[in-house]
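Student: Structure file protein01.csv (CSV, C-alpha atoms) is given on the next line.
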```
chain,number,residue,atom,x,y,z
A,943,ALA,CA,0.0,0.0,0.0
A,944,VAL,CA,1.1,3.5,-0.7
A,945,VAL,CA,1.3,5.8,2.3
A,946,ASP,CA,1.3,9.6,1.9
A,947,VAL,CA,2.5,11.7,4.8
A,948,ILE,CA,1.6,15.3,5.3
A,949,GLU,CA,3.9,16.9,7.8
A,950,ASN,CA,3.1,19.7,10.2
A,951,GLY,CA,3.9,23.2,8.9
A,952,TYR,CA,4.1,26.9,9.6
A,953,GLU,CA,2.4,30.1,8.7
A,954,PRO,CA,5.0,32.6,7.3
A,955,GLU,CA,3.0,35.5,8.7
A,956,ASP,CA,2.2,33.9,12.1
A,957,ASP,CA,1.4,36.7,14.5
A,958,SER,CA,4.3,36.6,17.0
A,959,GLY,CA,3.2,39.6,19.1
A,960,GLU,CA,5.6,41.5,21.2
A,961,GLY,CA,7.6,41.1,24.4
A,962,ALA,CA,10.8,39.4,23.3
A,963,ASP,CA,12.8,42.1,25.1
A,964,ARG,CA,11.5,40.7,28.4
A,965,PHE,CA,13.5,37.5,27.9
A,966,LEU,CA,16.5,38.4,25.7
A,967,GLU,CA,19.0,40.8,27.3
A,968,PRO,CA,20.2,43.7,25.2
A,969,ARG,CA,23.6,43.6,23.6
A,970,THR,CA,23.9,39.8,24.1
A,971,MET,CA,24.0,36.9,21.7
A,972,ASN,CA,21.2,34.4,22.4
A,973,LEU,CA,20.9,30.7,21.9
A,974,LEU,CA,17.1,30.2,22.5
A,975,TYR,CA,15.1,27.1,23.3
A,976,THR,CA,11.3,27.3,23.5
A,977,GLY,CA,9.1,24.5,24.9
A,978,SER,CA,9.4,21.8,27.4
A,979,VAL,CA,12.4,19.5,28.1
A,980,SER,CA,12.0,15.8,29.0
A,981,LYS,CA,13.1,15.0,32.6
A,982,TYR,CA,13.7,11.4,31.5
A,983,PHE,CA,16.6,11.8,29.1
A,984,PRO,CA,18.6,10.0,27.7
A,985,GLN,CA,15.5,7.9,26.9
A,986,ARG,CA,14.0,11.0,25.2
A,987,HIS,CA,15.3,14.2,23.8
A,988,SER,CA,18.3,15.5,25.8
A,989,PRO,CA,20.2,18.8,26.0
A,990,GLU,CA,23.3,17.0,27.2
A,991,LYS,CA,25.5,17.2,24.1
A,992,SER,CA,24.3,20.8,23.4
A,993,PHE,CA,25.2,21.8,27.0
A,994,GLU,CA,28.6,20.2,26.7
A,995,ALA,CA,29.2,22.1,23.4
A,996,VAL,CA,28.3,25.4,25.1
A,997,GLU,CA,30.6,24.6,28.0
A,998,ARG,CA,33.5,23.9,25.7
A,999,PHE,CA,32.9,27.0,23.7
A,1000,LEU,CA,32.9,29.1,26.9
A,1001,GLN,CA,36.2,27.5,28.0
A,1002,ARG,CA,37.8,28.5,24.7
A,1003,VAL,CA,36.3,32.0,24.6
A,1004,PRO,CA,36.1,33.2,28.2
A,1005,GLU,CA,35.0,36.7,27.2
A,1006,ALA,CA,31.8,35.2,25.8
A,1007,GLN,CA,30.5,34.7,29.4
A,1008,LYS,CA,29.8,38.4,29.5
A,1009,ASP,CA,27.5,38.6,26.4
A,1010,PHE,CA,26.4,35.1,25.4
A,1011,ARG,CA,23.2,33.6,26.8
A,1012,VAL,CA,21.4,30.3,26.7
A,1013,VAL,CA,17.7,31.1,27.2
A,1014,PHE,CA,14.9,28.6,28.0
A,1015,LEU,CA,11.3,29.7,27.6
A,1016,GLY,CA,8.3,27.5,28.3
A,1017,GLU,CA,9.4,24.9,30.8
A,1018,ARG,CA,7.4,24.9,34.0
A,1019,ASP,CA,10.2,23.4,36.1
A,1020,LEU,CA,13.7,23.1,34.5
A,1021,GLU,CA,15.5,22.5,37.8
A,1022,PRO,CA,15.3,18.6,37.6
A,1023,VAL,CA,17.2,18.9,34.3
A,1024,LEU,CA,19.7,21.6,35.3
A,1025,ARG,CA,20.8,19.9,38.5
A,1026,LYS,CA,22.4,17.2,36.4
A,1027,PHE,CA,24.8,19.7,34.9
A,1028,ARG,CA,25.6,22.1,37.7
A,1029,GLU,CA,29.0,20.5,38.4
A,1030,ARG,CA,29.7,19.3,34.9
A,1031,CYS,CA,29.0,22.6,33.1
A,1032,PRO,CA,29.6,25.5,35.6
A,1033,LEU,CA,30.3,28.0,32.8
A,1034,LEU,CA,27.0,27.1,31.1
A,1035,MET,CA,25.2,27.6,34.4
A,1036,GLY,CA,26.5,31.1,34.5
A,1037,VAL,CA,25.0,32.1,31.1
A,1038,LEU,CA,21.8,30.1,31.2
A,1039,ARG,CA,18.5,31.9,31.8
A,1040,ASP,CA,15.4,29.9,32.7
A,1041,MET,CA,12.4,32.2,32.1
A,1042,GLY,CA,9.7,29.6,32.9
A,1043,LEU,CA,6.3,29.5,31.2
A,1044,VAL,CA,5.4,32.4,28.8
A,1045,PRO,CA,2.6,33.1,26.4
A,1046,ARG,CA,3.0,31.4,23.0
A,1047,SER,CA,2.9,34.8,21.2
A,1048,GLN,CA,5.8,36.0,23.3
A,1049,ALA,CA,7.8,32.8,22.7
A,1050,LEU,CA,7.3,33.3,18.9
A,1051,ALA,CA,8.5,36.9,19.2
A,1052,ALA,CA,11.6,35.8,21.0
A,1053,GLN,CA,12.3,33.2,18.3
A,1054,ARG,CA,12.5,36.0,15.7
A,1055,GLU,CA,14.8,38.1,17.9
A,1056,ALA,CA,17.2,35.3,18.9
A,1057,ASP,CA,20.5,34.7,17.1
A,1058,LEU,CA,20.4,30.8,17.2
A,1059,LEU,CA,17.5,28.4,17.9
A,1060,LEU,CA,18.2,25.2,19.8
A,1061,ILE,CA,16.3,22.1,18.9
A,1062,LEU,CA,16.6,18.7,20.7
A,1063,ALA,CA,16.3,15.7,18.5
A,1064,HIS,CA,15.1,12.2,19.5
A,1065,PRO,CA,18.0,10.0,18.5
A,1066,GLY,CA,17.0,6.4,17.7
A,1067,ARG,CA,13.3,7.3,17.3
A,1068,ARG,CA,12.2,7.6,13.7
A,1069,GLY,CA,9.8,10.0,12.1
A,1070,ILE,CA,9.5,12.6,14.8
A,1071,LEU,CA,9.1,16.2,13.6
A,1072,THR,CA,7.9,18.4,16.4
A,1073,GLY,CA,5.8,21.6,16.0
A,1074,LYS,CA,8.8,23.5,17.4
A,1075,LEU,CA,10.8,22.7,14.2
A,1076,PHE,CA,8.2,24.5,12.1
A,1077,GLU,CA,7.9,27.4,14.4
A,1078,TYR,CA,11.7,27.8,14.1
A,1079,MET,CA,11.4,27.7,10.3
A,1080,ALA,CA,8.9,30.6,10.4
A,1081,ALA,CA,11.3,32.6,12.7
A,1082,GLY,CA,14.0,32.7,10.0
A,1083,LYS,CA,16.9,32.1,12.3
A,1084,PRO,CA,19.5,29.3,12.1
A,1085,ILE,CA,18.7,26.1,14.0
A,1086,PHE,CA,21.3,24.4,16.2
A,1087,CYS,CA,20.9,20.6,16.6
A,1088,LEU,CA,23.3,18.4,18.5
A,1089,PRO,CA,23.0,15.5,18.0
A,1090,GLY,CA,20.6,14.8,15.2
A,1091,ASP,CA,18.2,11.9,15.0
A,1092,GLY,CA,19.7,10.2,12.0
A,1093,ASP,CA,16.3,10.3,10.4
A,1094,GLU,CA,13.7,12.8,9.3
A,1095,LEU,CA,14.8,15.8,11.3
A,1096,ASP,CA,18.3,15.6,9.9
A,1097,LYS,CA,16.9,15.3,6.4
A,1098,VAL,CA,14.6,18.3,6.7
A,1099,LEU,CA,17.4,20.5,8.1
A,1100,GLU,CA,19.8,19.4,5.4
A,1101,ASP,CA,17.2,19.9,2.6
A,1102,THR,CA,16.0,23.3,3.8
A,1103,ARG,CA,19.3,24.5,5.1
A,1104,ALA,CA,17.3,26.0,8.0
A,1105,GLY,CA,19.9,24.8,10.4
A,1106,ARG,CA,22.9,22.6,11.1
A,1107,VAL,CA,23.1,19.1,12.6
A,1108,PHE,CA,26.3,18.3,14.5
A,1109,SER,CA,27.5,14.8,15.3
A,1110,SER,CA,30.0,15.7,18.1
A,1111,VAL,CA,30.4,18.2,20.9
A,1112,GLU,CA,33.6,19.4,19.2
A,1113,GLU,CA,31.7,20.3,16.0
A,1114,GLY,CA,29.0,22.1,18.0
A,1115,ALA,CA,31.6,24.1,20.0
A,1116,CYS,CA,33.5,25.2,16.9
A,1117,TYR,CA,30.2,26.4,15.3
A,1118,LEU,CA,29.3,28.4,18.4
A,1119,GLU,CA,32.7,30.0,18.5
A,1120,GLU,CA,32.5,30.8,14.8
A,1121,SER,CA,29.0,32.3,15.2
A,1122,TYR,CA,30.0,34.3,18.2
A,1123,ARG,CA,32.9,35.9,16.5
A,1124,LEU,CA,30.7,36.9,13.6
A,1125,TRP,CA,28.2,38.4,16.0
A,1126,LYS,CA,31.0,40.3,17.9
A,1127,ALA,CA,32.1,41.7,14.5
A,1128,GLY,CA,28.7,43.1,14.0
A,1129,LYS,CA,27.6,40.5,11.5
A,1130,GLU,CA,24.7,38.2,11.5
A,1131,VAL,CA,25.1,34.5,12.1
A,1132,ALA,CA,25.4,32.7,8.8
A,1133,TYR,CA,22.0,31.7,7.5
A,1134,GLN,CA,21.3,30.8,3.9
A,1135,PRO,CA,18.2,28.6,3.7
A,1136,ASN,CA,16.9,26.9,0.6
A,1137,LEU,CA,13.8,29.0,0.2
A,1138,GLU,CA,12.2,26.7,-2.3
A,1139,GLU,CA,12.5,23.7,0.0
A,1140,LEU,CA,11.5,25.8,3.0
A,1141,SER,CA,8.3,27.0,1.3
A,1142,LYS,CA,7.2,23.3,1.0
A,1143,TYR,CA,6.3,23.4,4.7
A,1144,THR,CA,4.0,26.4,4.6
A,1145,ARG,CA,0.5,25.5,5.5
A,1146,GLU,CA,-0.7,26.7,2.1
A,1147,LYS,CA,1.6,24.3,0.2
A,1148,LEU,CA,0.7,21.4,2.6
A,1149,ALA,CA,-3.0,22.1,2.0
A,1150,GLY,CA,-2.3,21.9,-1.7
A,1151,ARG,CA,-0.6,18.5,-1.3
A,1152,LEU,CA,-3.5,17.2,0.7
A,1153,ALA,CA,-6.0,18.3,-1.9
A,1154,HIS,CA,-4.0,16.6,-4.6
A,1155,ILE,CA,-3.9,13.3,-2.7
A,1156,LEU,CA,-7.6,13.5,-2.0
A,1157,ASN,CA,-8.3,14.2,-5.7
A,1158,GLN,CA,-6.3,11.2,-6.8
A,1159,ALA,CA,-8.0,9.0,-4.3
A,1160,VAL,CA,-11.5,10.1,-5.4
A,1161,PHE,CA,-11.1,10.5,-9.2
A,1162,THR,CA,-8.6,7.8,-10.3
A,1163,PRO,CA,-10.2,4.6,-11.7
A,1164,GLU,CA,-8.1,2.5,-9.4
A,1165,ALA,CA,-9.8,4.1,-6.5
A,1166,VAL,CA,-13.3,2.8,-7.5
A,1167,PRO,CA,-14.0,-0.5,-5.7
A,1168,THR,CA,-15.1,-3.5,-7.7
A,1169,PRO,CA,-18.8,-4.4,-7.2
A,1170,THR,CA,-19.3,-7.4,-5.0
A,1171,ASN,CA,-23.2,-7.5,-5.0
A,1172,PRO,CA,-24.3,-11.0,-6.2
A,1173,CYS,CA,-27.2,-9.3,-8.0
A,1174,VAL,CA,-24.8,-7.5,-10.4
A,1175,LYS,CA,-25.0,-8.9,-14.0
A,1176,GLY,CA,-22.2,-11.4,-14.6
A,1177,ALA,CA,-21.8,-12.5,-11.0
A,1178,ASP,CA,-21.9,-16.3,-10.2
```
Once more with this new file: its structure as structure tokens, please.
Tutor:
Amino acid sequence: AVVDVIENGYEPEDDSGEGADRFLEPRTMNLLYTGSVSKYFPQRHSPEKSFEAVERFLQRVPEAQKDFRVVFLGERDLEPVLRKFRERCPLLMGVLRDMGLVPRSQALAAQREADLLLILAHPGRRGILTGKLFEYMAAGKPIFCLPGDGDELDKVLEDTRAGRVFSSVEEGACYLEESYRLWKAGKEVAYQPNLEELSKYTREKLAGRLAHILNQAVFTPEAVPTPTNPCVKGAD
């Protein structure tokens, strides 16, 4: 059987509201995560490798502790996650800001104002594309993913060039250092998405795909079932 999959998507003009300045400090570079974090990692999505990459970056570039921030929006209680890293990643703890639950409109506004957007994959679990991914696409800022899932998330980020997937802490740390030095020089973090691929995930394009699939199912001869009524002429 043929299975057609329609992914989630985004609205390019999604109303993001205001209020990002409440969460993002002025004159700082921000790596932002919006949403909840599983307290049961490594069984589920984990910030462990991303946190280690930030720690290594801060070790190499100590001055970044003054103007680099890791901001979490939308988690009711992040402490059970953070306590696992207080000794392992002390520099990270110094730049991390946990802002708790916020209205969705303000989270969307913050996504558009951040410099990098952190996404947490589900390694070893296939076919998971969270709504956060599509919100990030709409924000138009580079997505940072460490590690990837080895499946659909990696493919979408590669095809759209909406972000980078890193396979090691070292790769992630080098990217953060490179991005920070661009930001310090007054330049934007490198971001060159494939707009054609990105547009495939707009809700308008996804609705068109769904309409095409339904039209095929309704109007193609193969979709018409064979009569099984014994009263039909020619039946035994």
Student: Hey, which of A:Ser1121, A:Thr976, A:Thr1072, A:Thr1144 ends up closest to Ser1047 in chain A? Count only C-alpha atoms.
Tutor: A:Thr976
Student: Suppose you want the space between CA of Pro1089 in chain A and CA of Pro1004 in chain A; what is it in Å?
Tutor: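 Pair CA of Pro1089 in chain A / CA of Pro1004 in chain A returns 24.3 Å.
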Student: Please determine, counting only C-alpha atoms, which residue among A:Trp1125, A:Phe999, A:Tyr975, A:Tyr1078 has the shortest atom-to-atom distance to Glu1017 in chain A.
Tutor: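 Going through A:Trp1125, A:Phe999, A:Tyr975, A:Tyr1078 one by one, the smallest distance to Glu1017 in chain A is for A:Tyr975.
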Student: Do a neighbour search on range 1133-1143 of chain A at 12 Å with only C-alpha atoms, toss out local chain neighbours closer than 6 positions, and write the hits as JSON, numbers by chain.
Tutor: {"A": [948, 949, 950, 951, 952, 953, 954, 1057, 1058, 1059, 1071, 1073, 1075, 1076, 1077, 1078, 1079, 1080, 1081, 1082, 1083, 1084, 1085, 1086, 1097, 1098, 1099, 1100, 1101, 1102, 1103, 1104, 1105, 1106, 1121, 1124, 1149, 1150, 1151]}
Student: Quick one: distance from CA of Asp1096 in chain A to CA of Ser1110 in chain A in Å, one decimal?
Tutor: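 Answer for the CA of Asp1096 in chain A to CA of Ser1110 in chain A separation: 14.3 Å.
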Student: As a list in words, please: the residues near Ala1006 in chain A (cut-off 10 Å, only C-alpha atoms, same-chain neighbours under 6 positions excluded).
Tutor: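 Residues meeting the cut-off are Thr970, Met971, Phe999, Leu1000, Val1037, Glu1119, Tyr1122, Arg1123 and Lys1126 of chain A.
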